[in-house]
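Single-structure report; data block below.
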Amino acid sequence: DLWDSTGHVHFDDVTFAYKKDRVILPNFSLDIPSGQTVALVGSTGAGKSTLAKLISRFYDPSDGAVLLDGVDLRDLHPKDLRRAIVMVTQEAYLFSGSVADNIALGKPDATRDEIVAAAGAVGADEFIRSLPNGYDTDVNKRGGRVSAGQRQLISFARAFLADPAVLILDEATSSLDIPSERLVQEALQTLLSDRTAVIIAHRLSTVAIADRVLVMEHGAIVEDGTPSDL
Ligand code: ATP
Ligand code: MG
C-alpha cells in the first residue's frame with residue numbers, strides 16, 4: 001500500500017558534518033508545517049543546500065533526526081520517501097532524451113495525456129508544441145534547443161507530474177529575460193500550491209510569494225518571518 005504523506009517536515013536537534021571535525025549544522029531544529037512555502041536565503045556556504053540534501057535524504061544527520069509526518073526518514077521505505085519528497089536542483093534539470101521522457105522521469109508509467117496535462121499546468125505546453133518534434137524532441141543535458149527558462153519549465157512539469165507532498169527547489173541563479181521570468185514565476189505558483197515547499201531562493205519575486213522566509217548563516221537560522229517582516 002502506498003503511504004500518503006501530509007508533508008510535515010521536522011528537524012529534531014540535527015547535527016550534521018560532512019567530515020568529522022567540521023560541523024556544518026550544529027543542533028539544528030526547525031518545524032515546517034504541511035503546505036507551507038519556505039524561502040531559504042543566506043550567504044554562500046551558510047548551509048542551505050546541506051539542509052535541502054538532509055530533507056531529501058541525500059545525507060543522514062550525524063546526530064538527531066529529520067522527520068516526515070513524525071517518522072524518521074531513515075525508517076521510511078525508500079519508495080515512499082521518493083514519492084513524498086522531490087528535489088529539483090539547478091544541475092539536474094534535464095537528461096538526454098525526449099521532452100516527454102524528461103517530464104515523466106518521476107512517473108515512468110505516465111500516459112502522454114498526463115504528461116501534456118502536467119506541461120499545460122505549468123504553462124510549458126505551448127513552447128513544447130512549437131519544438132521540431134513537439135514532445136518527442138530530443139534534448140541533451142545542457143538543453144540543446146531549449147532555453148534556460150524552458151528547461152526550468154520542463155523540470156517544473158516533471159515535479160508537477162510527480163506530485164510530491166514536499167518539494168525542495170534549488171532555484172537557478174542564471175538570469176532569464178523578462179517574459180521567461182514571468183512564465184517561470186507563474187509556473188512556480190502553480191507548482192507550490194497544495195504541497196510543502198522549501199525553496200533556496202535567489203529571486204526577490206520568489207521570496208515575495210513565500211509564506212515564510214528563513215535567513216541562514218553559519219548553519220543556523222538567524223531570521224524567521226514573513227516576506228513583509230524582512
Ligand atoms: P551556496 O549559496 O553557495 O549554494 P549553501 O548555503 O548552499 O551555499 P552548502 O552547500 O550547504 O552552502 O555548504 C555549507 C558548508 O558545507 C560549506 O562550508 C561547504 O564548504 C561545506 N560543504 C558542502 N558540501 C560539502 C561536501 N560535499 N563535502 C564537504 N563539505 C561540504
Ligand atoms: Mg547551495
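The chains in the C-alpha cells are called A, B, ... from first to last as shown; in each chain the residues are counted from 1, and the ligands are counted from 1 in the order shown.
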
Which residues of chain A come within 7 Å of ligand 1, and what is each one's closest atom pair and distance in Å (one decimal), counting only C-alpha atoms and all ligand atoms, sorted by chain and residue number, as a Markdown table?
```
| residue | atom | partner | partner_atom_place_in_ligand_line | distance |
| --- | --- | --- | --- | --- |
| A:Tyr18 | CA | ligand 1 | 29 (C) | 4.9 |
| A:Lys19 | CA | ligand 1 | 29 (C) | 6.4 |
| A:Ile24 | CA | ligand 1 | 16 (O) | 5.6 |
| A:Gly42 | CA | ligand 1 | 6 (O) | 6.4 |
| A:Ser43 | CA | ligand 1 | 2 (O) | 5.6 |
| A:Thr44 | CA | ligand 1 | 3 (O) | 3.5 |
| A:Gly45 | CA | ligand 1 | 12 (O) | 3.4 |
| A:Ala46 | CA | ligand 1 | 6 (O) | 3.8 |
| A:Gly47 | CA | ligand 1 | 11 (O) | 3.1 |
| A:Lys48 | CA | ligand 1 | 6 (O) | 3.7 |
| A:Ser49 | CA | ligand 1 | 7 (O) | 3.6 |
| A:Thr50 | CA | ligand 1 | 11 (O) | 3.7 |
| A:Leu51 | CA | ligand 1 | 11 (O) | 6.5 |
```

(request) Would you list the contacts of Gly70 in chain A as JSON, numbers by chain, taking every protein, DNA or RNA residue within 10 Å and counting only C-alpha atoms, but skipping same-chain residues closer than 5 positions in sequence? (result) {"A": [8, 9, 10]}

(request) Calculate how many Å separate CA of Glu171 in chain A from CA of His77 in chain A, rounding to one decimal. (result)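 Result for CA of Glu171 in chain A versus CA of His77 in chain A: 27.8 Å, one decimal.
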
(message) I need the residues in range 59-215 of chain A that are alpha helix (DSSP H) according to DSSP; give them as a count of residues only.
(response) 63

(request) May I have the residues within 9 Å of Gly7 in chain A as a ChimeraX atom specification, using only C-alpha atoms and disregarding those fewer than 6 positions away in the same chain? (result) /A:32-36,68-69,84-85,164-167,195-197

With C-alpha atoms retained, write the just-selected residues as a tab-separated table (two decimals), in the first residue's frame.
```
chain	number	residue	atom	x	y	z
A	32	ILE	CA	7.78	23.19	8.64
A	33	PRO	CA	4.01	22.61	8.80
A	34	SER	CA	2.16	20.85	5.96
A	35	GLY	CA	1.60	23.06	2.95
A	36	GLN	CA	3.94	25.87	3.94
A	68	LEU	CA	8.37	13.44	7.85
A	69	ASP	CA	4.92	13.31	9.48
A	84	ALA	CA	6.81	12.01	-0.89
A	85	ILE	CA	9.87	14.23	-1.37
A	164	PRO	CA	5.16	15.09	-4.13
A	165	ALA	CA	3.94	16.19	-0.68
A	166	VAL	CA	7.25	18.00	-0.22
A	167	LEU	CA	9.08	19.87	-2.95
A	195	ARG	CA	2.24	20.98	-1.01
A	196	THR	CA	5.05	21.81	1.36
A	197	ALA	CA	7.94	23.56	-0.36
```

(request) Select, from A:Ser193, A:Ser155, A:Thr173, A:Ser130, the residue with the minimum atom-to-atom distance to Asn102 in chain A, counting only C-alpha atoms. (result) A:Ser155

List the neighbours of Arg182 in chain A out to 12 Å using only C-alpha atoms; skip same-chain residues closer than 2 positions along the sequence, and give me the result as a compact mmCIF listing (two decimals) with C-alpha atoms, in the first residue's frame.
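Output (selection_31.txt):
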```txt
# COMPACT_ATOMS: atom_id res chain seq x y z
CA VAL A 122 2.89 24.90 -15.57
CA GLY A 123 2.48 26.77 -18.86
CA GLY A 149 13.68 29.32 -18.84
CA GLN A 150 12.23 26.47 -20.90
CA LEU A 153 9.52 24.83 -17.08
CA SER A 175 19.07 35.29 -15.15
CA LEU A 176 16.13 34.99 -17.52
CA ASP A 177 14.65 37.54 -19.87
CA ILE A 178 11.50 39.26 -18.55
CA PRO A 179 8.89 37.14 -20.40
CA SER A 180 10.60 33.88 -19.33
CA VAL A 184 8.70 30.65 -14.59
CA GLN A 185 7.22 32.64 -11.72
CA GLU A 186 3.65 31.75 -12.71
CA ALA A 187 4.66 28.09 -13.11
CA LEU A 188 6.22 28.18 -9.67
CA GLN A 189 2.99 29.42 -8.07
CA ARG A 203 14.96 35.82 -6.83
CA SER A 205 9.98 37.58 -6.67
CA THR A 206 10.24 34.07 -5.18
```

(request) Using CA of Val198 in chain A and CA of Ser147 in chain A as the two end points, give the distance in Å to one decimal. (result) 24.7 Å

(request) Within 7 Å of Ala172 in chain A, counting only C-alpha atoms, which residues show up once you throw out same-chain ones fewer than 2 positions away? Write them as a list in words, please. (result) Gln90, Asp170 and Ser174 of chain A

(request) Could you check which of A:Asp211, A:Asp21, A:Asp224, A:Glu114 is closest to Val38 in chain A, using only C-alpha atoms? (result)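 Nearest candidate to Val38 in chain A out of A:Asp211, A:Asp21, A:Asp224, A:Glu114: A:Asp211.
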
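The interatomic distance for the pair CA of Thr89 in chain A and CA of Asp229 in chain A works out to 27.8 Å.
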
(request) Check the smallest atom-to-atom distance from each of A:Tyr93, A:Leu230, A:Phe28, A:Thr37 to Ile209 in chain A using only C-alpha atoms, then report the winner. (result) A:Thr37

(request) Name all residues at most 7 Å from range 213-215 of chain A (count only C-alpha atoms; drop same-chain ones fewer than 6 positions away) and give them as an MDAnalysis selection string. (result) chainID A and resid 38:42 207 221:227
